[in-house]
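Engineer: So here's work.txt, just compact mmCIF, C-alpha atoms:
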```txt
# COMPACT_ATOMS: atom_id res chain seq x y z
CA MET A 27 7.62 22.82 5.94
CA THR A 28 4.97 20.74 4.14
CA LEU A 29 7.64 18.34 2.90
CA LEU A 30 9.01 17.93 6.42
CA LEU A 31 5.56 17.17 7.83
CA ILE A 32 4.89 14.60 5.10
CA ALA A 33 8.27 13.02 5.81
CA VAL A 34 7.59 12.79 9.57
CA GLY A 35 4.15 11.25 9.00
CA ALA A 36 5.52 8.72 6.51
CA ALA A 37 8.50 7.86 8.73
CA ILE A 38 5.97 6.70 11.36
CA GLY A 39 3.25 5.31 9.08
CA ALA A 40 5.39 2.91 7.03
CA PRO A 41 7.01 1.01 9.94
CA LEU A 42 3.66 1.02 11.76
CA ARG A 43 2.14 -0.86 8.79
CA TYR A 44 4.95 -3.42 8.98
CA LEU A 45 4.69 -3.86 12.76
CA THR A 46 0.87 -4.07 12.73
CA ASP A 47 0.99 -6.66 9.95
CA ARG A 48 3.54 -8.72 11.92
CA ALA A 49 1.50 -8.50 15.13
CA ILE A 50 -1.69 -9.61 13.38
CA GLN A 51 0.00 -12.50 11.53
CA ALA A 52 1.56 -13.71 14.78
CA ARG A 53 -1.97 -14.26 16.15
CA HIS A 54 -3.39 -16.50 13.40
CA ASP A 55 -2.20 -18.94 10.77
CA SER A 56 -4.44 -18.04 7.84
CA VAL A 57 -2.96 -17.08 4.46
CA PHE A 58 -5.65 -14.40 4.19
CA PRO A 59 -3.87 -11.02 4.48
CA TRP A 60 -5.69 -9.68 7.53
CA GLY A 61 -2.76 -7.42 8.44
CA THR A 62 -2.80 -5.41 5.20
CA LEU A 63 -6.61 -5.25 5.28
CA THR A 64 -6.44 -3.86 8.82
CA VAL A 65 -3.95 -1.08 8.06
CA ASN A 66 -5.77 -0.11 4.85
CA VAL A 67 -9.13 0.14 6.65
CA ALA A 68 -7.64 1.95 9.66
CA GLY A 69 -5.79 4.41 7.41
CA SER A 70 -8.97 5.06 5.40
CA LEU A 71 -10.84 5.78 8.65
CA VAL A 72 -8.20 8.26 9.82
CA LEU A 73 -8.03 9.98 6.42
CA GLY A 74 -11.84 10.21 6.45
CA VAL A 75 -11.62 12.04 9.79
CA VAL A 76 -8.86 14.34 8.51
CA THR A 77 -10.88 15.31 5.42
CA GLY A 78 -14.03 15.80 7.52
CA LEU A 79 -12.39 18.28 9.87
CA PRO A 80 -11.64 21.87 8.91
CA ALA A 81 -8.02 20.73 8.78
CA THR A 82 -5.14 23.08 8.23
CA SER A 83 -2.72 22.20 5.46
CA ALA A 84 -0.13 21.28 8.09
CA TRP A 85 -2.35 18.57 9.62
CA THR A 86 -3.32 17.31 6.19
CA ALA A 87 0.35 16.98 5.25
CA LEU A 88 1.36 15.24 8.48
CA LEU A 89 -1.63 12.95 9.05
CA GLY A 90 -3.13 12.64 5.57
CA THR A 91 -0.40 12.68 2.93
CA GLY A 92 2.36 11.45 5.24
CA PHE A 93 0.95 9.12 7.89
CA CYS A 94 -2.18 7.67 6.23
CA GLY A 95 -0.49 7.53 2.84
CA ALA A 96 2.42 5.49 4.18
CA LEU A 97 0.32 3.40 6.59
CA THR A 98 -1.88 2.21 3.74
CA THR A 99 -0.66 0.48 0.61
CA TYR A 100 -2.04 -0.42 -2.79
CA SER A 101 1.06 -2.27 -3.97
CA THR A 102 0.99 -4.86 -1.19
CA PHE A 103 -2.80 -5.22 -1.49
CA SER A 104 -2.49 -5.94 -5.22
CA TYR A 105 0.55 -8.20 -4.85
CA GLU A 106 -1.11 -10.41 -2.25
CA THR A 107 -4.31 -10.60 -4.32
CA LEU A 108 -2.29 -11.88 -7.27
CA ARG A 109 -0.32 -14.32 -5.08
CA LEU A 110 -3.52 -15.73 -3.54
CA ALA A 111 -4.88 -16.33 -7.04
CA GLU A 112 -1.58 -17.95 -8.12
CA GLU A 113 -1.69 -20.28 -5.13
CA GLY A 114 -5.19 -21.41 -6.12
CA ALA A 115 -6.89 -19.50 -3.30
CA ARG A 116 -9.21 -17.72 -5.73
CA PHE A 117 -11.96 -17.21 -3.17
CA TYR A 118 -9.52 -15.48 -0.82
CA ALA A 119 -8.22 -13.35 -3.69
CA VAL A 120 -11.71 -12.15 -4.59
CA MET A 121 -12.65 -11.66 -0.93
CA ASN A 122 -9.49 -9.61 -0.38
CA VAL A 123 -10.53 -7.18 -3.12
CA VAL A 124 -14.19 -7.03 -2.05
CA ALA A 125 -13.45 -6.71 1.68
CA SER A 126 -10.71 -4.10 1.18
CA VAL A 127 -12.82 -1.90 -1.08
CA VAL A 128 -16.07 -2.22 0.92
CA ALA A 129 -14.43 -1.84 4.34
CA GLY A 130 -12.06 0.91 3.15
CA LEU A 131 -14.92 2.94 1.66
CA GLY A 132 -17.09 2.32 4.73
CA ALA A 133 -14.30 3.37 7.08
CA ALA A 134 -13.58 6.55 5.11
CA ALA A 135 -17.31 7.43 5.19
CA VAL A 136 -17.63 6.73 8.92
CA GLY A 137 -14.53 8.84 9.65
CA PHE A 138 -15.83 11.72 7.53
CA VAL A 139 -19.33 11.68 9.08
CA PHE A 140 -17.89 11.40 12.58
CA ALA A 141 -15.59 14.37 12.02
CA GLN A 142 -18.43 16.46 10.61
CA ALA A 143 -20.62 15.59 13.60
CA LEU A 144 -17.93 16.86 15.97
CA GLN A 145 -18.23 20.38 14.66
CA MET B 18 18.82 -26.25 -3.13
CA GLU B 19 15.71 -25.76 -1.01
CA HIS B 20 13.88 -22.57 -2.00
CA GLU B 21 12.20 -20.36 0.55
CA PRO B 22 8.42 -20.17 0.16
CA VAL B 23 7.32 -17.18 -1.94
CA PRO B 24 5.47 -14.74 0.34
CA ILE B 25 1.78 -13.94 -0.10
CA ASP B 26 2.10 -10.62 1.74
CA ALA B 27 4.80 -8.41 0.19
CA ASP B 28 5.31 -6.35 3.38
CA ILE B 29 5.95 -9.19 5.79
CA ASP B 30 5.01 -12.86 5.62
CA LEU B 31 5.74 -14.85 8.76
CA HIS B 32 5.44 -18.10 6.76
CA VAL B 33 8.85 -17.21 5.27
CA PRO B 34 11.49 -18.11 7.89
CA ALA B 35 13.97 -15.40 6.85
CA GLU B 36 11.28 -12.72 7.16
CA ARG B 37 10.09 -14.06 10.50
CA ALA B 38 13.65 -13.74 11.82
CA GLU B 39 14.50 -10.37 10.26
CA LEU B 40 13.99 -8.30 13.43
CA ARG B 41 16.66 -10.27 15.27
CA PRO B 42 19.13 -9.58 16.73
CA SER B 43 18.08 -5.92 16.42
CA PRO B 44 14.91 -4.51 14.79
CA VAL B 45 16.61 -1.16 14.12
CA PRO B 46 18.12 -1.76 10.62
CA VAL B 47 14.89 -3.15 9.14
CA LEU B 48 12.62 -0.53 10.76
CA ALA B 49 14.99 2.30 9.80
CA ALA B 50 15.09 1.05 6.20
CA ILE B 51 11.27 0.92 6.10
CA SER B 52 11.00 4.39 7.59
CA ALA B 53 13.53 5.92 5.18
CA GLY B 54 11.90 4.19 2.22
CA GLY B 55 8.46 5.33 3.35
CA VAL B 56 9.62 8.95 3.40
CA CYS B 57 11.01 8.68 -0.16
CA GLY B 58 7.82 7.03 -1.42
CA ALA B 59 5.47 9.52 0.25
CA LEU B 60 7.42 12.52 -1.09
CA ALA B 61 7.37 11.02 -4.59
CA ARG B 62 3.59 10.54 -4.30
CA TYR B 63 3.20 14.15 -3.15
CA ALA B 64 5.26 15.35 -6.14
CA VAL B 65 3.09 13.44 -8.62
CA ALA B 66 -0.14 14.59 -6.93
CA ARG B 67 1.05 18.22 -6.98
CA THR B 68 1.91 18.18 -10.66
CA TRP B 69 -1.37 16.50 -11.62
CA PRO B 70 -4.19 18.03 -9.55
CA HIS B 71 -7.85 17.30 -10.34
CA ASP B 72 -11.01 19.36 -9.87
CA PRO B 73 -13.71 18.18 -7.43
CA GLY B 74 -15.72 15.66 -9.41
CA GLY B 75 -12.86 15.21 -11.87
CA PHE B 76 -11.08 11.91 -12.39
CA PRO B 77 -8.21 11.46 -9.85
CA TRP B 78 -5.61 10.50 -12.44
CA ALA B 79 -2.60 11.20 -10.22
CA THR B 80 -3.50 8.60 -7.60
CA LEU B 81 -4.48 6.06 -10.24
CA VAL B 82 -1.13 6.47 -12.00
CA ILE B 83 0.71 6.30 -8.65
CA ASN B 84 -1.05 3.11 -7.60
CA VAL B 85 -0.76 1.37 -10.96
CA THR B 86 2.94 2.20 -11.41
CA GLY B 87 3.62 1.17 -7.79
CA CYS B 88 1.95 -2.16 -8.50
CA LEU B 89 4.02 -2.70 -11.64
CA LEU B 90 7.17 -2.02 -9.62
CA ILE B 91 6.23 -4.33 -6.71
CA GLY B 92 5.78 -7.10 -9.28
CA VAL B 93 9.30 -6.48 -10.58
CA LEU B 94 10.79 -6.05 -7.11
CA MET B 95 9.37 -9.22 -5.58
CA VAL B 96 10.85 -11.32 -8.40
CA ILE B 97 14.23 -9.74 -7.70
CA VAL B 98 13.85 -10.21 -3.93
CA THR B 99 12.69 -13.83 -4.06
CA GLU B 100 14.64 -15.12 -7.07
CA VAL B 101 17.74 -13.00 -7.74
CA ALA B 102 19.04 -10.93 -4.82
CA THR B 103 17.91 -13.38 -2.15
CA GLY B 104 20.65 -12.47 0.31
CA ARG B 105 19.95 -8.72 0.42
CA ARG B 106 18.37 -8.34 3.85
CA LEU B 107 17.23 -4.72 3.57
CA LEU B 108 16.13 -4.71 -0.07
CA ARG B 109 12.49 -5.71 0.53
CA PRO B 110 12.11 -3.58 3.69
CA PHE B 111 13.52 -0.46 2.00
CA LEU B 112 12.10 -0.69 -1.53
CA GLY B 113 9.00 -2.84 -1.02
CA VAL B 114 7.64 -2.04 2.45
CA GLY B 115 9.09 1.47 2.50
CA VAL B 116 9.32 3.12 -0.92
CA LEU B 117 6.47 1.34 -2.74
CA GLY B 118 4.30 1.08 0.39
CA GLY B 119 4.80 4.79 1.03
CA TYR B 120 4.33 5.70 -2.64
CA THR B 121 1.06 3.82 -3.16
CA THR B 122 -1.96 4.56 -1.01
CA PHE B 123 -5.25 2.89 -0.21
CA SER B 124 -6.57 5.65 2.05
CA THR B 125 -6.44 8.36 -0.63
CA TYR B 126 -8.07 5.93 -3.08
CA ALA B 127 -10.99 5.32 -0.67
CA VAL B 128 -11.43 9.00 0.23
CA GLU B 129 -11.23 10.15 -3.41
CA ILE B 130 -14.00 7.73 -4.41
CA HIS B 131 -16.19 9.38 -1.78
CA GLN B 132 -15.22 12.91 -2.65
CA THR B 133 -15.78 12.34 -6.36
CA ALA B 134 -19.23 10.84 -5.73
CA ALA B 135 -20.08 13.60 -3.22
CA ALA B 136 -19.10 16.22 -5.80
CA GLY B 137 -21.95 14.96 -7.99
CA ALA B 138 -19.96 12.60 -10.22
CA PRO B 139 -20.96 9.07 -9.09
CA TRP B 140 -20.08 7.49 -12.44
CA THR B 141 -16.64 9.04 -12.40
CA ALA B 142 -16.23 7.70 -8.84
CA LEU B 143 -17.26 4.22 -9.97
CA ALA B 144 -14.96 4.37 -13.00
CA TYR B 145 -12.09 5.40 -10.70
CA LEU B 146 -12.88 2.58 -8.25
CA ALA B 147 -12.99 -0.08 -10.98
CA GLY B 148 -10.31 1.49 -13.18
CA THR B 149 -7.70 1.43 -10.42
CA LEU B 150 -8.38 -2.25 -9.72
CA ALA B 151 -8.39 -3.04 -13.45
CA GLY B 152 -5.03 -1.31 -13.82
CA ALA B 153 -3.33 -2.34 -10.59
CA LEU B 154 -3.92 -6.09 -10.49
CA PRO B 155 -2.69 -6.80 -14.06
CA ALA B 156 0.21 -4.39 -13.41
CA VAL B 157 1.59 -6.64 -10.64
CA TRP B 158 1.34 -9.61 -12.96
CA ALA B 159 2.97 -7.71 -15.83
CA GLY B 160 5.79 -6.52 -13.56
CA SER B 161 6.51 -10.08 -12.41
CA ALA B 162 6.36 -11.47 -15.93
CA LEU B 163 8.63 -8.72 -17.25
CA ALA B 164 11.18 -9.21 -14.47
CA ARG B 165 11.21 -12.97 -15.01
CA ALA B 166 11.69 -12.57 -18.74
CA LEU B 167 14.43 -9.94 -18.47
CA ILE B 168 16.30 -10.77 -15.29
CA VAL B 169 15.76 -14.27 -14.05
CA ALA B 170 16.30 -15.85 -17.44
CA LYS B 171 19.78 -14.28 -17.57
CA ALA B 172 20.80 -14.62 -13.92
CA PRO B 173 22.18 -17.90 -12.64
CA LEU B 174 20.16 -18.97 -9.59
```
Just give me the structure of the file as structure tokens.
Structural biologist:
Amino acid sequence: MTLLLIAVGAAIGAPLRYLTDRAIQARHDSVFPWGTLTVNVAGSLVLGVVTGLPATSAWTALLGTGFCGALTTYSTFSYETLRLAEEGARFYAVMNVVASVVAGLGAAAVGFVFAQALQ
Amino acid sequence: MEHEPVPIDADIDLHVPAERAELRPSPVPVLAAISAGGVCGALARYAVARTWPHDPGGFPWATLVINVTGCLLIGVLMVIVTEVATGRRLLRPFLGVGVLGGYTTFSTYAVEIHQTAAAGAPWTALAYLAGTLAGALPAVWAGSALARALIVAKAPL
């Protein structure tokens, strides 16, 4: 059952990352990877909420391990950081790391605190 | 021969014409490939996390290993996608966006940093934060370099 819930969450989360990234890129022309930053921060916020609630293992599997895990990505984040550096956009590369870590941690904390306050 | 620009964003980069057009005429094959890949990646991540649990306040080795190995593999894959198997339309969506995107995770990384610090181990949390970055970024580079050395050198472009 856990495996099925993870699979369902991931089957939605992964294409949602792709579609969100596309939609964000279609609205600006910067090489800065705003799309990946957005999904990583949003996924960290949702996972913060999930861990802050007295969640059952079923919700954790579906929303946490499946959906948030597949919505967010470390491989794309790292790849684009390297590519920005290769293209000479060193400032963007550094800012991508700093912004992703700071905003991701902040979002996870906000989600956790919010969920705790609901109880 | 005119080469396509190499993407910055491994998931989707609209600066690359072939990627911009990949949802036409139908978005179903690409989205289905991403979805199926995402399921495989997430289940693989779950398997690694299950076999390598950590105590509260302990170092989250499983996620670090997942993220670093996923980064090594995206480095390899993107060389194959952009320089060798350039005509394979579903290769990047399935393996890159789906499998590796589903396998690696930023949300668990962020939450585990918090949980480790909240469990009274702030230095372990900081070491995990920095250690993942220090492993993941060079891993992409190493994967690309390895793929270039092993594959591209031998494959006629």
Engineer: Any idea what's packed within 7 Å of segment 31-41 of chain A, counting all atoms listed in the file, ignoring anything in its chain fewer than 6 positions away? Could you give it as a list in words?
Structural biologist: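 In the requested form, the answer reads Ala87, Leu88, Leu89, Thr91, Gly92, Phe93, Cys94, Ala96 and Leu97 of chain A; Leu48, Ile51, Ser52, Ala53, Gly55, Val56, Ala59, Leu60, Gly115, Gly118 and Gly119 of chain B.
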Engineer: Pick out the chain B residues within 8 Å of chain A. Count only C-alpha atoms. Give them as a ChimeraX atom specification.
Structural biologist: /B:24-31,48,51-53,55-60,63,84,87-88,91-92,114-115,117-125,127-128,130-131,153-154,157-158
Engineer: Residues of the last selection are to be written out with C-alpha atoms, as a compact mmCIF listing (two decimals), in the frame of the given file.
Structural biologist:
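selection.txt written:
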```txt
# COMPACT_ATOMS: atom_id res chain seq x y z
CA PRO B 24 5.47 -14.74 0.34
CA ILE B 25 1.78 -13.94 -0.10
CA ASP B 26 2.10 -10.62 1.74
CA ALA B 27 4.80 -8.41 0.19
CA ASP B 28 5.31 -6.35 3.38
CA ILE B 29 5.95 -9.19 5.79
CA ASP B 30 5.01 -12.86 5.62
CA LEU B 31 5.74 -14.85 8.76
CA LEU B 48 12.62 -0.53 10.76
CA ILE B 51 11.27 0.92 6.10
CA SER B 52 11.00 4.39 7.59
CA ALA B 53 13.53 5.92 5.18
CA GLY B 55 8.46 5.33 3.35
CA VAL B 56 9.62 8.95 3.40
CA CYS B 57 11.01 8.68 -0.16
CA GLY B 58 7.82 7.03 -1.42
CA ALA B 59 5.47 9.52 0.25
CA LEU B 60 7.42 12.52 -1.09
CA TYR B 63 3.20 14.15 -3.15
CA ASN B 84 -1.05 3.11 -7.60
CA GLY B 87 3.62 1.17 -7.79
CA CYS B 88 1.95 -2.16 -8.50
CA ILE B 91 6.23 -4.33 -6.71
CA GLY B 92 5.78 -7.10 -9.28
CA VAL B 114 7.64 -2.04 2.45
CA GLY B 115 9.09 1.47 2.50
CA LEU B 117 6.47 1.34 -2.74
CA GLY B 118 4.30 1.08 0.39
CA GLY B 119 4.80 4.79 1.03
CA TYR B 120 4.33 5.70 -2.64
CA THR B 121 1.06 3.82 -3.16
CA THR B 122 -1.96 4.56 -1.01
CA PHE B 123 -5.25 2.89 -0.21
CA SER B 124 -6.57 5.65 2.05
CA THR B 125 -6.44 8.36 -0.63
CA ALA B 127 -10.99 5.32 -0.67
CA VAL B 128 -11.43 9.00 0.23
CA ILE B 130 -14.00 7.73 -4.41
CA HIS B 131 -16.19 9.38 -1.78
CA ALA B 153 -3.33 -2.34 -10.59
CA LEU B 154 -3.92 -6.09 -10.49
CA VAL B 157 1.59 -6.64 -10.64
CA TRP B 158 1.34 -9.61 -12.96
```
Engineer: Using Å and a single decimal, report how far atom CA of Ile83 of chain B sits from atom CA of Arg62 of chain B.
Structural biologist: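 That distance, rounded to one decimal, is 6.7 Å.
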Engineer: Counting all atoms listed in the file, which residues sit no farther than 9 Å from the position (10.3, -9.6, -13.0) in the file's frame? I'd like them as a list of chain:residue names.
Structural biologist: B:Leu90, B:Gly92, B:Val93, B:Leu94, B:Met95, B:Val96, B:Ile97, B:Trp158, B:Ala159, B:Gly160, B:Ser161, B:Ala162, B:Leu163, B:Ala164, B:Arg165, B:Ala166, B:Leu167, B:Ile168, B:Val169
Engineer: Calculate how many Å separate atom CA of Leu107 of chain B from atom CA of Glu36 of chain B, rounding to one decimal.
Structural biologist: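 Going from atom CA of Leu107 of chain B over to atom CA of Glu36 of chain B covers 10.6 Å.
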Engineer: What does the distance between atom CA of Thr86 of chain B and atom CA of Ala156 of chain B come to in Å, to one decimal place?
Structural biologist: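 Pair atom CA of Thr86 of chain B / atom CA of Ala156 of chain B returns 7.4 Å.
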Engineer: For segment 102-115 of chain A, supply N, CA and C atoms and format the output as a JSON list (two decimals), keeping the file's coordinate frame.
Structural biologist:
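Dumped to rebuild_4.json:
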```
[["chain", "number", "residue", "atom", "x", "y", "z"],
["A", 102, "THR", "N", 1.04, -3.60, -1.92],
["A", 102, "THR", "CA", 0.99, -4.86, -1.19],
["A", 102, "THR", "C", -0.38, -5.52, -1.34],
["A", 103, "PHE", "N", -1.43, -4.72, -1.28],
["A", 103, "PHE", "CA", -2.80, -5.22, -1.49],
["A", 103, "PHE", "C", -2.91, -5.95, -2.84],
["A", 104, "SER", "N", -2.40, -5.33, -3.89],
["A", 104, "SER", "CA", -2.49, -5.94, -5.22],
["A", 104, "SER", "C", -1.59, -7.17, -5.33],
["A", 105, "TYR", "N", -0.39, -7.07, -4.77],
["A", 105, "TYR", "CA", 0.55, -8.20, -4.85],
["A", 105, "TYR", "C", -0.04, -9.43, -4.18],
["A", 106, "GLU", "N", -0.59, -9.24, -2.97],
["A", 106, "GLU", "CA", -1.11, -10.41, -2.25],
["A", 106, "GLU", "C", -2.37, -10.97, -2.93],
["A", 107, "THR", "N", -3.14, -10.10, -3.59],
["A", 107, "THR", "CA", -4.31, -10.60, -4.32],
["A", 107, "THR", "C", -3.85, -11.51, -5.46],
["A", 108, "LEU", "N", -2.82, -11.06, -6.18],
["A", 108, "LEU", "CA", -2.29, -11.88, -7.27],
["A", 108, "LEU", "C", -1.70, -13.19, -6.74],
["A", 109, "ARG", "N", -0.95, -13.12, -5.65],
["A", 109, "ARG", "CA", -0.32, -14.32, -5.08],
["A", 109, "ARG", "C", -1.36, -15.32, -4.59],
["A", 110, "LEU", "N", -2.45, -14.83, -3.98],
["A", 110, "LEU", "CA", -3.52, -15.73, -3.54],
["A", 110, "LEU", "C", -4.11, -16.45, -4.74],
["A", 111, "ALA", "N", -4.33, -15.72, -5.83],
["A", 111, "ALA", "CA", -4.88, -16.33, -7.04],
["A", 111, "ALA", "C", -3.90, -17.36, -7.61],
["A", 112, "GLU", "N", -2.61, -17.02, -7.61],
["A", 112, "GLU", "CA", -1.58, -17.95, -8.12],
["A", 112, "GLU", "C", -1.52, -19.24, -7.32],
["A", 113, "GLU", "N", -1.76, -19.12, -6.01],
["A", 113, "GLU", "CA", -1.69, -20.28, -5.13],
["A", 113, "GLU", "C", -2.98, -21.10, -5.17],
["A", 114, "GLY", "N", -3.93, -20.68, -6.00],
["A", 114, "GLY", "CA", -5.19, -21.41, -6.12],
["A", 114, "GLY", "C", -6.24, -20.99, -5.11],
["A", 115, "ALA", "N", -5.92, -19.98, -4.29],
["A", 115, "ALA", "CA", -6.89, -19.50, -3.30],
["A", 115, "ALA", "C", -7.71, -18.37, -3.93]]
```
